[in-house]
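**Q** Sharing target.txt here; it has compact mmCIF, C-alpha atoms.
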```txt
# COMPACT_ATOMS: atom_id res chain seq x y z
CA MET G 1 -15.40 -40.49 -61.79
CA ILE G 2 -18.61 -38.93 -60.47
CA LYS G 3 -19.64 -35.83 -62.35
CA PRO G 4 -19.94 -32.60 -60.30
CA THR G 5 -23.67 -32.34 -60.96
CA LEU G 6 -24.27 -35.91 -59.76
CA LEU G 7 -22.02 -35.34 -56.72
CA SER G 8 -23.98 -32.21 -55.83
CA PHE G 9 -27.22 -34.12 -56.18
CA LEU G 10 -25.98 -36.92 -53.88
CA LEU G 11 -24.74 -34.43 -51.28
CA LEU G 12 -28.09 -32.64 -51.40
CA CYS G 13 -29.97 -35.91 -50.88
CA PHE G 14 -27.67 -36.86 -48.00
CA SER G 15 -28.06 -33.48 -46.29
CA GLN G 16 -31.84 -33.61 -46.70
CA GLY G 17 -31.91 -37.13 -45.29
CA LEU G 18 -29.77 -36.07 -42.34
CA PHE G 19 -32.02 -33.07 -41.69
CA ALA G 20 -35.08 -35.29 -41.82
CA GLN G 21 -33.52 -37.58 -39.22
CA THR G 22 -32.65 -34.80 -36.78
CA THR G 23 -35.59 -32.43 -37.18
CA ALA G 24 -39.20 -33.31 -36.41
CA ILE G 25 -42.32 -31.34 -37.23
CA HIS G 26 -45.07 -31.30 -34.60
CA SER G 27 -48.59 -29.98 -35.07
CA PHE G 28 -49.94 -29.76 -31.53
CA SER G 29 -53.23 -28.86 -29.95
CA ILE G 30 -53.10 -27.51 -26.41
CA GLN G 31 -53.84 -31.01 -25.06
CA GLN G 32 -51.04 -32.51 -27.13
CA CYS G 33 -48.65 -29.91 -25.71
CA LEU G 34 -49.72 -30.91 -22.20
CA ASP G 35 -49.28 -34.61 -22.98
CA TYR G 36 -45.84 -33.95 -24.47
CA ALA G 37 -44.79 -31.98 -21.38
CA HIS G 38 -45.98 -34.84 -19.15
CA LYS G 39 -43.42 -37.10 -20.82
CA ASN G 40 -40.58 -34.67 -21.50
CA ASN G 41 -40.56 -31.75 -19.05
CA VAL G 42 -37.59 -32.17 -16.70
CA GLN G 43 -39.48 -31.11 -13.56
CA VAL G 44 -42.30 -33.54 -14.29
CA LYS G 45 -39.87 -36.38 -15.04
CA ASN G 46 -38.09 -35.80 -11.74
CA ALA G 47 -41.41 -35.69 -9.88
CA LEU G 48 -42.34 -39.02 -11.50
CA LEU G 49 -38.98 -40.42 -10.44
CA ASN G 50 -39.83 -39.38 -6.88
CA VAL G 51 -42.84 -41.69 -7.14
CA ASP G 52 -40.53 -44.55 -8.12
CA ILE G 53 -38.13 -43.64 -5.32
CA GLN G 54 -40.98 -43.66 -2.78
CA GLU G 55 -42.02 -47.09 -4.03
CA GLN G 56 -38.54 -48.39 -3.23
CA VAL G 57 -38.62 -46.68 0.17
CA ASN G 58 -41.90 -48.48 0.85
CA ARG G 59 -40.27 -51.76 -0.08
CA GLY G 60 -37.61 -51.05 2.53
CA ILE G 61 -40.31 -50.34 5.14
CA THR G 62 -42.05 -53.59 4.24
CA ALA G 63 -38.75 -55.45 4.53
CA ALA G 64 -38.43 -54.33 8.17
CA ALA G 65 -41.54 -56.36 9.03
CA LEU G 66 -40.41 -59.51 7.19
CA PRO G 67 -38.09 -62.26 8.47
CA ASN G 68 -34.41 -61.54 8.09
CA PHE G 69 -32.25 -64.58 7.35
CA SER G 70 -28.47 -64.50 7.16
CA GLY G 71 -25.83 -67.17 6.80
CA THR G 72 -22.26 -67.38 7.99
CA ILE G 73 -19.37 -69.64 7.18
CA GLY G 74 -15.82 -69.34 8.44
CA THR G 75 -12.65 -71.04 9.56
CA THR G 76 -10.00 -70.16 12.13
CA ASP G 77 -6.34 -71.12 12.13
CA TYR G 78 -4.96 -70.94 15.66
CA THR G 79 -1.30 -70.22 15.12
CA ASP G 80 -1.11 -70.37 18.91
CA ILE G 81 -3.81 -72.42 20.57
CA PRO G 82 -5.38 -70.49 23.47
CA THR G 83 -4.07 -71.37 26.93
CA SER G 84 -6.36 -72.05 29.87
CA LEU G 85 -5.37 -72.15 33.55
CA ILE G 86 -6.53 -75.08 35.68
CA PRO G 87 -6.32 -74.86 39.48
CA GLY G 88 -3.22 -76.83 40.51
CA GLN G 89 -4.78 -78.31 43.66
CA ILE G 90 -6.88 -80.60 41.42
CA PHE G 91 -3.64 -82.38 40.58
CA GLY G 92 -2.16 -82.19 44.07
CA GLN G 93 -0.44 -78.86 43.63
CA PRO G 94 -0.52 -76.21 46.39
CA ALA G 95 -3.72 -74.18 46.68
CA GLY G 96 -3.62 -71.00 44.63
CA SER G 97 -1.39 -72.46 41.96
CA TYR G 98 -2.45 -72.98 38.33
CA ILE G 99 -1.42 -75.31 35.59
CA PRO G 100 -1.38 -73.85 32.01
CA VAL G 101 -3.10 -76.18 29.56
CA LYS G 102 -3.86 -75.76 25.87
CA PHE G 103 -7.26 -77.06 24.78
CA GLY G 104 -8.61 -77.38 21.26
CA THR G 105 -7.27 -78.00 17.79
CA LYS G 106 -5.28 -75.92 15.36
CA TYR G 107 -8.22 -75.45 12.96
CA MET G 108 -11.85 -74.67 13.69
CA GLY G 109 -14.68 -74.32 11.16
CA ASN G 110 -18.26 -73.18 11.48
CA ALA G 111 -21.34 -72.67 9.31
CA GLY G 112 -24.67 -71.36 10.47
CA LEU G 113 -28.01 -69.64 9.81
CA GLN G 114 -29.47 -66.75 11.82
CA LEU G 115 -33.08 -65.56 11.94
CA GLN G 116 -34.37 -62.15 13.04
CA GLN G 117 -38.11 -61.41 13.06
CA ILE G 118 -39.90 -58.40 14.52
CA LEU G 119 -43.02 -59.49 16.38
CA PHE G 120 -44.07 -56.05 17.59
CA ASP G 121 -42.62 -52.61 16.90
CA GLY G 122 -45.07 -49.71 16.88
CA GLN G 123 -42.90 -47.52 14.67
CA VAL G 124 -42.57 -50.23 12.03
CA PHE G 125 -46.32 -50.82 12.00
CA VAL G 126 -47.03 -47.09 11.58
CA GLY G 127 -44.56 -47.05 8.70
CA LEU G 128 -46.52 -49.87 7.07
CA GLN G 129 -49.76 -47.93 7.53
CA ALA G 130 -48.26 -44.77 6.00
CA ARG G 131 -47.01 -46.43 2.81
CA ALA G 132 -50.16 -45.75 0.76
CA THR G 133 -50.33 -42.13 1.93
CA SER G 134 -46.66 -41.64 1.06
CA MET G 135 -47.33 -42.86 -2.49
CA ASP G 136 -50.39 -40.57 -2.75
CA TYR G 137 -48.23 -37.68 -1.54
CA GLN G 138 -45.64 -38.21 -4.27
CA ARG G 139 -48.30 -38.67 -6.97
CA LYS G 140 -50.02 -35.48 -5.84
CA ASN G 141 -46.67 -33.70 -6.03
CA VAL G 142 -46.54 -34.76 -9.68
CA GLU G 143 -49.98 -33.23 -10.24
CA VAL G 144 -49.01 -29.97 -8.49
CA THR G 145 -45.83 -29.75 -10.58
CA GLU G 146 -47.76 -30.47 -13.77
CA GLU G 147 -50.41 -27.86 -12.94
CA SER G 148 -47.79 -25.17 -12.42
CA ILE G 149 -46.30 -25.99 -15.81
CA LYS G 150 -49.76 -26.39 -17.33
CA VAL G 151 -50.70 -22.81 -16.46
CA ASN G 152 -47.65 -21.45 -18.27
CA ILE G 153 -48.24 -23.72 -21.27
CA TYR G 154 -51.82 -22.47 -21.57
CA LYS G 155 -50.74 -18.83 -21.36
CA ILE G 156 -47.91 -19.09 -23.87
CA TYR G 157 -49.88 -21.32 -26.25
CA TYR G 158 -52.89 -19.03 -26.49
CA GLN G 159 -50.79 -15.88 -26.61
CA LEU G 160 -49.05 -17.38 -29.63
CA VAL G 161 -52.44 -18.25 -31.13
CA VAL G 162 -53.62 -14.66 -30.62
CA SER G 163 -50.39 -13.42 -32.18
CA LYS G 164 -51.69 -14.80 -35.49
CA THR G 165 -54.43 -12.16 -35.29
CA GLN G 166 -51.77 -9.54 -34.61
CA ILE G 167 -49.85 -10.53 -37.72
CA ASP G 168 -53.05 -10.60 -39.78
CA LEU G 169 -53.86 -7.04 -38.67
CA LEU G 170 -50.32 -5.89 -39.47
CA ASN G 171 -50.55 -7.48 -42.92
CA ALA G 172 -53.88 -5.75 -43.51
CA ASN G 173 -52.35 -2.43 -42.47
CA ILE G 174 -49.38 -2.99 -44.77
CA GLN G 175 -51.73 -3.73 -47.67
CA ARG G 176 -53.70 -0.55 -46.91
CA ILE G 177 -50.58 1.58 -46.78
CA GLU G 178 -49.21 0.00 -49.95
CA LYS G 179 -52.51 0.85 -51.66
CA LEU G 180 -52.29 4.36 -50.22
CA LYS G 181 -48.72 4.67 -51.46
CA HIS G 182 -49.82 3.64 -54.94
CA ASP G 183 -52.67 6.17 -54.90
CA ALA G 184 -50.43 8.93 -53.55
CA SER G 185 -47.84 8.19 -56.23
CA GLU G 186 -50.49 8.39 -58.96
CA MET G 187 -51.82 11.67 -57.54
CA TYR G 188 -48.27 13.03 -57.43
CA LYS G 189 -47.71 12.04 -61.07
CA ASN G 190 -50.90 13.87 -61.99
CA GLY G 191 -49.98 16.94 -59.96
CA PHE G 192 -52.64 16.49 -57.26
CA ALA G 193 -50.18 15.69 -54.43
CA GLU G 194 -46.72 16.62 -53.32
CA LYS G 195 -43.62 14.42 -53.18
CA LEU G 196 -43.70 14.97 -49.43
CA ASP G 197 -47.05 13.14 -49.27
CA VAL G 198 -45.54 10.09 -50.98
CA ASP G 199 -42.50 10.16 -48.68
CA LYS G 200 -44.70 10.28 -45.59
CA VAL G 201 -46.58 7.20 -46.77
CA ASP G 202 -43.23 5.49 -47.39
CA VAL G 203 -42.22 6.22 -43.79
CA GLN G 204 -45.49 4.71 -42.53
CA LEU G 205 -44.95 1.62 -44.66
CA VAL G 206 -41.39 1.09 -43.40
CA ASN G 207 -42.54 1.56 -39.82
CA LEU G 208 -45.27 -1.05 -40.27
CA LYS G 209 -42.90 -3.56 -41.85
CA THR G 210 -40.42 -2.96 -39.02
CA GLU G 211 -43.18 -3.50 -36.47
CA LYS G 212 -44.17 -6.74 -38.20
CA TYR G 213 -40.55 -7.90 -38.18
CA LYS G 214 -40.27 -7.22 -34.45
CA ALA G 215 -43.59 -8.96 -33.80
CA LEU G 216 -42.45 -12.04 -35.73
CA ASN G 217 -39.21 -12.06 -33.73
CA GLN G 218 -41.15 -11.96 -30.45
CA ILE G 219 -43.40 -14.77 -31.70
CA ASN G 220 -40.34 -16.89 -32.55
CA ILE G 221 -38.99 -16.27 -29.05
CA GLY G 222 -42.38 -17.33 -27.69
CA TYR G 223 -42.18 -20.58 -29.65
CA LEU G 224 -38.70 -21.22 -28.24
CA GLY G 225 -40.06 -20.64 -24.73
CA LEU G 226 -42.96 -23.03 -25.32
CA LYS G 227 -40.64 -25.73 -26.69
CA THR G 228 -38.36 -25.41 -23.68
CA LEU G 229 -41.33 -25.56 -21.31
CA ILE G 230 -42.73 -28.78 -22.78
CA GLY G 231 -39.27 -30.33 -23.18
CA MET G 232 -39.11 -30.26 -26.98
CA PRO G 233 -35.75 -29.93 -28.79
CA VAL G 234 -35.28 -26.39 -30.08
CA LYS G 235 -34.39 -27.67 -33.56
CA ASP G 236 -37.82 -29.30 -33.93
CA SER G 237 -40.60 -27.42 -35.67
CA LEU G 238 -43.78 -26.67 -33.69
CA VAL G 239 -47.12 -25.72 -35.26
CA LEU G 240 -50.11 -24.78 -33.09
CA SER G 241 -53.28 -26.40 -34.41
CA ASP G 242 -55.83 -24.87 -32.02
CA ALA G 243 -57.58 -21.59 -32.74
CA ILE G 244 -59.33 -19.19 -30.43
CA THR G 245 -62.12 -16.77 -31.28
CA TYR G 246 -63.50 -13.61 -29.79
CA ASP G 247 -66.62 -15.47 -28.68
CA GLN G 248 -64.57 -18.19 -26.94
CA ILE G 249 -62.61 -15.61 -24.99
CA LYS G 250 -65.65 -13.55 -24.08
CA ASN G 251 -67.73 -16.47 -22.81
CA ASP G 252 -68.41 -15.53 -19.16
CA PHE G 253 -68.61 -18.56 -16.93
CA THR G 254 -67.74 -16.73 -13.70
CA ASN G 255 -71.40 -16.53 -12.63
CA ASP G 256 -71.04 -20.13 -11.48
CA THR G 257 -69.60 -19.19 -8.09
CA ALA G 258 -69.67 -22.72 -6.64
CA TYR G 259 -66.18 -24.04 -6.08
CA GLN G 260 -64.59 -26.44 -3.64
CA TYR G 261 -61.26 -26.03 -1.90
CA SER G 262 -60.68 -29.73 -2.49
CA ASP G 263 -60.67 -29.13 -6.27
CA ARG G 264 -57.32 -27.38 -5.92
CA LYS G 265 -54.29 -29.64 -6.32
CA ASP G 266 -52.26 -27.64 -3.77
CA PHE G 267 -55.08 -28.03 -1.22
CA GLN G 268 -55.12 -31.80 -1.78
CA TYR G 269 -51.33 -31.80 -1.43
CA LEU G 270 -51.44 -30.06 1.96
CA GLY G 271 -54.11 -32.52 3.10
CA LEU G 272 -51.69 -35.39 2.44
CA VAL G 273 -48.88 -33.53 4.23
CA LYS G 274 -51.18 -33.22 7.25
CA LYS G 275 -51.98 -36.94 7.15
CA LEU G 276 -48.29 -37.84 7.01
CA ASP G 277 -47.59 -35.56 9.99
CA GLU G 278 -50.35 -37.33 11.91
CA TYR G 279 -48.65 -40.64 11.18
CA ASN G 280 -45.39 -39.12 12.39
CA ILE G 281 -46.95 -38.18 15.74
CA LYS G 282 -48.38 -41.67 16.08
CA ARG G 283 -44.97 -43.19 15.30
CA TYR G 284 -43.22 -41.20 18.02
CA LYS G 285 -45.91 -41.98 20.57
CA LEU G 286 -45.63 -45.71 19.88
CA SER G 287 -41.89 -45.51 20.49
CA TYR G 288 -42.76 -45.54 24.22
CA LEU G 289 -44.01 -49.11 23.88
CA PRO G 290 -41.75 -52.19 24.22
CA THR G 291 -40.56 -53.97 21.11
CA LEU G 292 -40.72 -57.74 20.75
CA SER G 293 -38.56 -59.75 18.40
CA LEU G 294 -37.81 -63.39 17.63
CA THR G 295 -34.29 -64.70 17.09
CA GLY G 296 -33.05 -68.08 15.98
CA ASN G 297 -29.70 -69.67 15.26
CA TYR G 298 -28.51 -72.95 13.81
CA THR G 299 -24.76 -73.58 13.68
CA LYS G 300 -22.43 -76.44 12.78
CA ASN G 301 -18.91 -76.47 14.29
CA ALA G 302 -15.94 -78.67 13.52
CA GLN G 303 -12.44 -78.91 14.95
CA ARG G 304 -9.43 -80.36 13.12
CA ASN G 305 -5.71 -80.58 13.58
CA THR G 306 -5.36 -80.56 9.78
CA PHE G 307 -7.22 -78.44 7.31
CA ASP G 308 -9.56 -81.14 5.98
CA PHE G 309 -13.08 -79.92 6.78
CA LEU G 310 -14.42 -81.39 3.52
CA ASN G 311 -13.35 -84.92 4.47
CA LYS G 312 -15.11 -87.13 6.91
CA GLY G 313 -15.31 -85.95 10.45
CA ASP G 314 -17.74 -84.84 13.09
CA TRP G 315 -19.61 -81.55 12.88
CA TYR G 316 -21.29 -80.52 16.11
CA THR G 317 -24.66 -78.77 16.08
CA THR G 318 -25.70 -75.78 18.15
CA SER G 319 -29.19 -74.23 17.79
CA PHE G 320 -31.47 -71.98 19.75
CA ILE G 321 -34.66 -69.93 19.49
CA GLY G 322 -35.10 -66.81 21.57
CA VAL G 323 -37.62 -64.04 22.18
CA ASN G 324 -36.34 -60.58 23.07
CA LEU G 325 -38.41 -57.92 24.77
CA ALA G 326 -36.86 -54.45 24.79
CA VAL G 327 -38.54 -52.09 27.26
CA PRO G 328 -37.68 -48.37 26.92
CA ILE G 329 -37.14 -46.89 30.36
CA PHE G 330 -35.51 -43.47 29.97
CA SER G 331 -34.23 -41.76 26.84
CA GLY G 332 -33.37 -38.34 28.19
CA PHE G 333 -36.77 -36.90 27.16
CA SER G 334 -35.85 -37.26 23.46
CA LYS G 335 -39.09 -39.11 22.68
CA ALA G 336 -41.18 -36.41 24.35
CA ALA G 337 -39.30 -33.75 22.38
CA SER G 338 -39.91 -35.64 19.12
CA VAL G 339 -43.64 -35.96 19.86
CA LYS G 340 -43.91 -32.25 20.70
CA GLN G 341 -41.93 -31.24 17.63
CA SER G 342 -44.13 -33.31 15.31
CA GLN G 343 -47.27 -31.86 16.94
CA LEU G 344 -46.01 -28.33 16.33
CA GLN G 345 -45.20 -29.22 12.71
CA LEU G 346 -48.76 -30.52 12.33
CA LYS G 347 -50.06 -27.22 13.70
CA GLN G 348 -48.00 -25.39 11.09
CA VAL G 349 -49.58 -27.45 8.32
CA GLU G 350 -53.06 -26.78 9.71
CA ASN G 351 -52.26 -23.05 9.67
CA GLN G 352 -51.06 -23.38 6.08
CA ILE G 353 -54.35 -25.06 5.14
CA ASP G 354 -56.33 -22.22 6.76
CA GLY G 355 -54.14 -19.68 4.98
CA LEU G 356 -54.58 -21.49 1.67
CA LYS G 357 -58.38 -21.33 2.04
CA LEU G 358 -58.16 -17.55 2.40
CA SER G 359 -55.76 -17.39 -0.53
CA ILE G 360 -58.09 -19.48 -2.71
CA ASP G 361 -61.04 -17.21 -1.88
CA ASN G 362 -58.94 -14.19 -2.79
CA ASP G 363 -57.64 -15.81 -6.00
CA VAL G 364 -61.15 -16.68 -7.15
CA GLU G 365 -62.60 -13.22 -6.50
CA GLN G 366 -59.61 -11.40 -7.94
CA ALA G 367 -59.54 -13.61 -11.04
CA LYS G 368 -63.29 -13.15 -11.49
CA LEU G 369 -62.96 -9.36 -11.35
CA ASN G 370 -59.98 -9.40 -13.71
CA PHE G 371 -61.81 -11.62 -16.20
CA ARG G 372 -64.95 -9.49 -16.25
CA THR G 373 -62.90 -6.32 -16.59
CA ALA G 374 -60.82 -7.90 -19.36
CA THR G 375 -63.88 -9.01 -21.34
CA ARG G 376 -65.51 -5.58 -21.06
CA THR G 377 -62.26 -3.98 -22.16
CA LEU G 378 -62.11 -6.44 -25.05
CA ASP G 379 -65.62 -5.35 -26.13
CA TYR G 380 -64.67 -1.68 -25.97
CA GLN G 381 -61.42 -2.19 -27.87
CA LYS G 382 -63.12 -4.24 -30.56
CA GLN G 383 -65.70 -1.48 -31.09
CA ASN G 384 -62.97 1.14 -30.99
CA MET G 385 -60.93 -0.76 -33.59
CA GLN G 386 -63.94 -1.06 -35.89
CA LEU G 387 -64.63 2.66 -35.48
CA ALA G 388 -60.99 3.55 -36.15
CA GLU G 389 -61.08 1.45 -39.32
CA THR G 390 -64.24 3.28 -40.48
CA VAL G 391 -62.61 6.66 -39.79
CA TYR G 392 -59.50 5.61 -41.70
CA ASN G 393 -61.49 4.44 -44.73
CA GLN G 394 -63.51 7.66 -44.83
CA THR G 395 -60.38 9.79 -44.44
CA LYS G 396 -58.71 7.83 -47.22
CA LYS G 397 -61.64 8.47 -49.56
CA LYS G 398 -61.45 12.20 -48.80
CA PHE G 399 -57.72 12.12 -49.52
CA GLU G 400 -58.30 10.29 -52.81
CA VAL G 401 -60.81 12.88 -54.02
CA GLY G 402 -58.58 15.74 -52.90
CA THR G 403 -60.68 17.03 -50.00
CA GLY G 404 -58.51 15.58 -47.26
CA SER G 405 -54.92 16.17 -46.25
CA ASN G 406 -52.03 13.77 -45.75
CA THR G 407 -51.90 14.85 -42.10
CA GLU G 408 -55.47 13.67 -41.56
CA ILE G 409 -54.86 10.27 -43.13
CA THR G 410 -51.61 9.85 -41.18
CA ALA G 411 -53.44 10.60 -37.95
CA ALA G 412 -56.24 8.19 -38.88
CA GLU G 413 -53.73 5.45 -39.69
CA THR G 414 -51.95 6.04 -36.36
CA ASP G 415 -55.26 5.86 -34.49
CA LEU G 416 -56.18 2.64 -36.27
CA LYS G 417 -52.84 1.03 -35.45
CA THR G 418 -53.18 2.10 -31.81
CA ALA G 419 -56.71 0.68 -31.67
CA GLU G 420 -55.53 -2.61 -33.17
CA THR G 421 -52.66 -2.82 -30.68
CA ASN G 422 -55.05 -2.15 -27.80
CA TYR G 423 -57.39 -4.86 -29.13
CA ILE G 424 -54.59 -7.43 -29.27
CA ASN G 425 -53.49 -6.49 -25.74
CA ALA G 426 -57.10 -6.82 -24.56
CA MET G 427 -57.27 -10.31 -26.06
CA TYR G 428 -54.04 -11.26 -24.27
CA ASP G 429 -55.36 -9.90 -20.97
CA ALA G 430 -58.68 -11.73 -21.35
CA ILE G 431 -56.95 -15.05 -22.07
CA ILE G 432 -54.64 -14.69 -19.06
CA ALA G 433 -57.56 -13.73 -16.82
CA LYS G 434 -59.58 -16.73 -17.98
CA ILE G 435 -56.69 -19.12 -17.33
CA ASP G 436 -56.08 -17.59 -13.89
CA TYR G 437 -59.76 -18.01 -13.00
CA LEU G 438 -59.83 -21.64 -14.06
CA LYS G 439 -56.69 -22.29 -12.02
CA ALA G 440 -58.17 -20.48 -9.01
CA ILE G 441 -61.24 -22.75 -8.94
CA GLY G 442 -59.21 -25.88 -9.69
CA LYS G 443 -60.80 -26.50 -13.09
CA LEU G 444 -57.90 -25.82 -15.43
```
Just dump the structure as structure tokens.
**A**
Amino acid sequence: MIKPTLLSFLLLCFSQGLFAQTTAIHSFSIQQCLDYAHKNNVQVKNALLNVDIQEQVNRGITAAALPNFSGTIGTTDYTDIPTSLIPGQIFGQPAGSYIPVKFGTKYMGNAGLQLQQILFDGQVFVGLQARATSMDYQRKNVEVTEESIKVNIYKIYYQLVVSKTQIDLLNANIQRIEKLKHDASEMYKNGFAEKLDVDKVDVQLVNLKTEKYKALNQINIGYLGLKTLIGMPVKDSLVLSDAITYDQIKNDFTNDTAYQYSDRKDFQYLGLVKKLDEYNIKRYKLSYLPTLSLTGNYTKNAQRNTFDFLNKGDWYTTSFIGVNLAVPIFSGFSKAASVKQSQLQLKQVENQIDGLKLSIDNDVEQAKLNFRTATRTLDYQKQNMQLAETVYNQTKKKFEVGTGSNTEITAAETDLKTAETNYINAMYDAIIAKIDYLKAIGKL
């Protein structure tokens, strides 16, 4: 019999082994997050599947230009042999009379091969020309999808990185208030402070710990959002290995105003849409031209009164080769309507391209202004936080020597916490503005 302690040990080992099998720990840089999303994000995976689907569509288009062979084999059992009428006058009967005669055998068998080959079809040839552009279109769709997800990954990742600074500041505040609580308690014991002063510090400490708890909860929610975005199981553990500094955020690269519309993935995407629409117009225009095709047939036929096609007997050959020319004459103006419709659709895409250029110009200028404003605000908030910390330390010293009041130190602590919150928000805003600018110029 297994002892309880040994049983507990075995159960513990089993549960730890099971946990190790189902839970993974990932330490990811921003690039590793992007690479993981490329393989696991559902939208990206479906976009990649569209590339595979297009490849199969292209194979179908290619097949239309290749020879088409088919084979047939069959047998017929004439339960009633067909009757033919022969003019009776051939056999001396009155004119206008007919003699019913049955020709043929009870069983008939046949086996044959048929060939179909397009020699000229303008629409098929345009389809062949458009295959490469269709593949480029689907691949570019993957890039556009990835970029949209990439922007959100960058924003969430770096916001979570900055949140470490927020927690560090909250921990520093908690340590300061705990020290203040200790000092206030000692002063109260020695008769230099009131119990009310100690209680007020306790309230501040509880508020700070509550704020830290809420901040940690929001950070955990952020991690869940990032995992979902990159396609990682929620049960897995994610650690962010990259760090970001004040100098990295503040680095102003917006003076380099040179940017190209063609750097934007969505601009490249619309360019491919335009090219496909041009192929579509060409396809409809070529539908006015005749189509030329080659046909061929080779057949063996046999007739039997008994079902013995596999035994000896004659099989009669029939074969032919033909060329078919189909000339379109009138289609009720449907071809003209299709050409006009595709031309109007092309005009819509051209308008979208013009509109996108204006939008890109606006995005770049707006993102540039937001980034510069955010970095200036970050400078001001950093200075303000440093000043608030100095004021708090001086007020604390006055309180410790008995020349300052609890009200003053409470106000100083509130101002410091507000300044720290504003600094964290300024860091968030600067990161978002930098990411938006890089996306606007197509350099993210």
**Q** Between atom CA of G:Tyr423 and atom CA of G:Lys382, what is the distance in Å, rounded to a tenth?
**A**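 Answer for the atom CA of G:Tyr423 to atom CA of G:Lys382 separation: 5.9 Å.
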**Q** Of the residues G:Thr228, G:Thr418, G:Thr295, G:Asn393, which is the one nearest to G:Phe69, using all atoms listed in the file?
**A**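 With all atoms listed in the file as the atom set, the closest residue is G:Thr295.
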**Q** Measure the distance from atom CA of G:Tyr259 to atom CA of G:Val151 in Å and round it to one decimal.
**A**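 Going from atom CA of G:Tyr259 over to atom CA of G:Val151 covers 18.7 Å.
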**Q** Quick one: distance from atom CA of G:Lys265 to atom CA of G:Asn370 in Å, one decimal?
**A** 22.3 Å
**Q** Show me, as a PyMOL selection string, the residues that have an atom within 12 Å of G:Ile219 when counting all atoms listed in the file, minus same-chain residues fewer than 4 positions from it.
**A** chain G and resi 156-167+212-215+223-226
**Q** Can I get the selection written as a compact mmCIF listing (two decimals), in the frame of the given file, with C-alpha atoms?
**A**
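As a result, result-v1.txt now contains:
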```
# COMPACT_ATOMS: atom_id res chain seq x y z
CA ILE G 156 -47.91 -19.09 -23.87
CA TYR G 157 -49.88 -21.32 -26.25
CA TYR G 158 -52.89 -19.03 -26.49
CA GLN G 159 -50.79 -15.88 -26.61
CA LEU G 160 -49.05 -17.38 -29.63
CA VAL G 161 -52.44 -18.25 -31.13
CA VAL G 162 -53.62 -14.66 -30.62
CA SER G 163 -50.39 -13.42 -32.18
CA LYS G 164 -51.69 -14.80 -35.49
CA THR G 165 -54.43 -12.16 -35.29
CA GLN G 166 -51.77 -9.54 -34.61
CA ILE G 167 -49.85 -10.53 -37.72
CA LYS G 212 -44.17 -6.74 -38.20
CA TYR G 213 -40.55 -7.90 -38.18
CA LYS G 214 -40.27 -7.22 -34.45
CA ALA G 215 -43.59 -8.96 -33.80
CA TYR G 223 -42.18 -20.58 -29.65
CA LEU G 224 -38.70 -21.22 -28.24
CA GLY G 225 -40.06 -20.64 -24.73
CA LEU G 226 -42.96 -23.03 -25.32
```
**Q** Nearest residue to G:Ile424 out of G:Leu387, G:Ala337, G:Leu216, G:Leu169, using only C-alpha atoms?
**A**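 Going through G:Leu387, G:Ala337, G:Leu216, G:Leu169 one by one, the smallest distance to G:Ile424 is for G:Leu169.
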**Q** Residues at most 8 Å from stretch 355-364 of chain G, counting all atoms listed in the file, excluding those fewer than 5 positions away in the same chain, as a list in words?
**A**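 Near stretch 355-364 of chain G, the qualifying residues are Tyr261, Phe267, Tyr437, Ala440 and Ile441 of chain G.
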**Q** Taking all atoms listed in the file into account, which of G:Met385, G:Leu238, G:Ala243, G:Leu48 comes nearest G:Glu143?
**A**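 Using all atoms listed in the file, the shortest distance to G:Glu143 belongs to G:Leu48.
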**Q** Quick one: residues within 8 Å of stretch 401-410 of chain G, all atoms listed in the file counted, chain neighbours fewer than 5 positions away excluded, as a ChimeraX atom specification?
**A** /G:192,197,201,392,395-396
**Q** So which one's closest to G:Ser148, G:Gln366, G:Gln43, G:Gln89, G:Gln394? Using all atoms listed in the file, please.
**A**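 Looking only at the distances to G:Ser148, the closest residue turns out to be G:Gln43.
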**Q** Counting all atoms listed in the file, which residue out of G:Arg139, G:Lys102, G:Lys250, G:Lys179 sits closest to G:Arg376?
**A**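 Looking only at the distances to G:Arg376, the closest residue turns out to be G:Lys250.
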**Q** Between G:Asp429, G:Gln268, G:Ser97, G:Leu115, which one has atoms that come closest to G:Ala367, using all atoms listed in the file?
**A**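 Closest to G:Ala367, using all atoms listed in the file: G:Asp429.
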**Q** Using only C-alpha atoms, find all polymer residues with an atom at most 12 Å away from the point (-52.3, -35.4, -5.2); report them as a list in words.
**A**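 The residues that fall inside the cut-off are Ala47, Val51, Thr133, Ser134, Met135, Asp136, Tyr137, Gln138, Arg139, Lys140, Asn141, Val142, Glu143, Val144, Thr145, Glu146, Glu147, Ser262, Asp263, Arg264, Lys265, Asp266, Phe267, Gln268, Tyr269, Leu270, Gly271, Leu272 and Val273 of chain G.
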**Q** So which residues touch G:Phe307 within 10 Å, counting all atoms listed in the file, skipping near sequence neighbours fewer than 5 positions away, as a PyMOL selection string?
**A** chain G and resi 75-77+106-109
**Q** Around (-1.5, -69.8, 39.8) in the file's own coordinates, what residues are found within 9 Å if you use only C-alpha atoms, given back as a list in words?
**A**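 In the file's frame, the residues around the point are Leu85, Ile86, Pro87, Gly88, Ala95, Gly96, Ser97, Tyr98, Ile99 and Pro100 of chain G.
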**Q** Those residues you just picked out, can you put them in a file as a CSV table (one decimal), keeping the file's coordinate frame with C-alpha atoms?
**A**
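To be explicit, this is the file written out as again37.csv:
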```csv
chain,number,residue,atom,x,y,z
G,85,LEU,CA,-5.4,-72.2,33.6
G,86,ILE,CA,-6.5,-75.1,35.7
G,87,PRO,CA,-6.3,-74.9,39.5
G,88,GLY,CA,-3.2,-76.8,40.5
G,95,ALA,CA,-3.7,-74.2,46.7
G,96,GLY,CA,-3.6,-71.0,44.6
G,97,SER,CA,-1.4,-72.5,42.0
G,98,TYR,CA,-2.4,-73.0,38.3
G,99,ILE,CA,-1.4,-75.3,35.6
G,100,PRO,CA,-1.4,-73.8,32.0
```
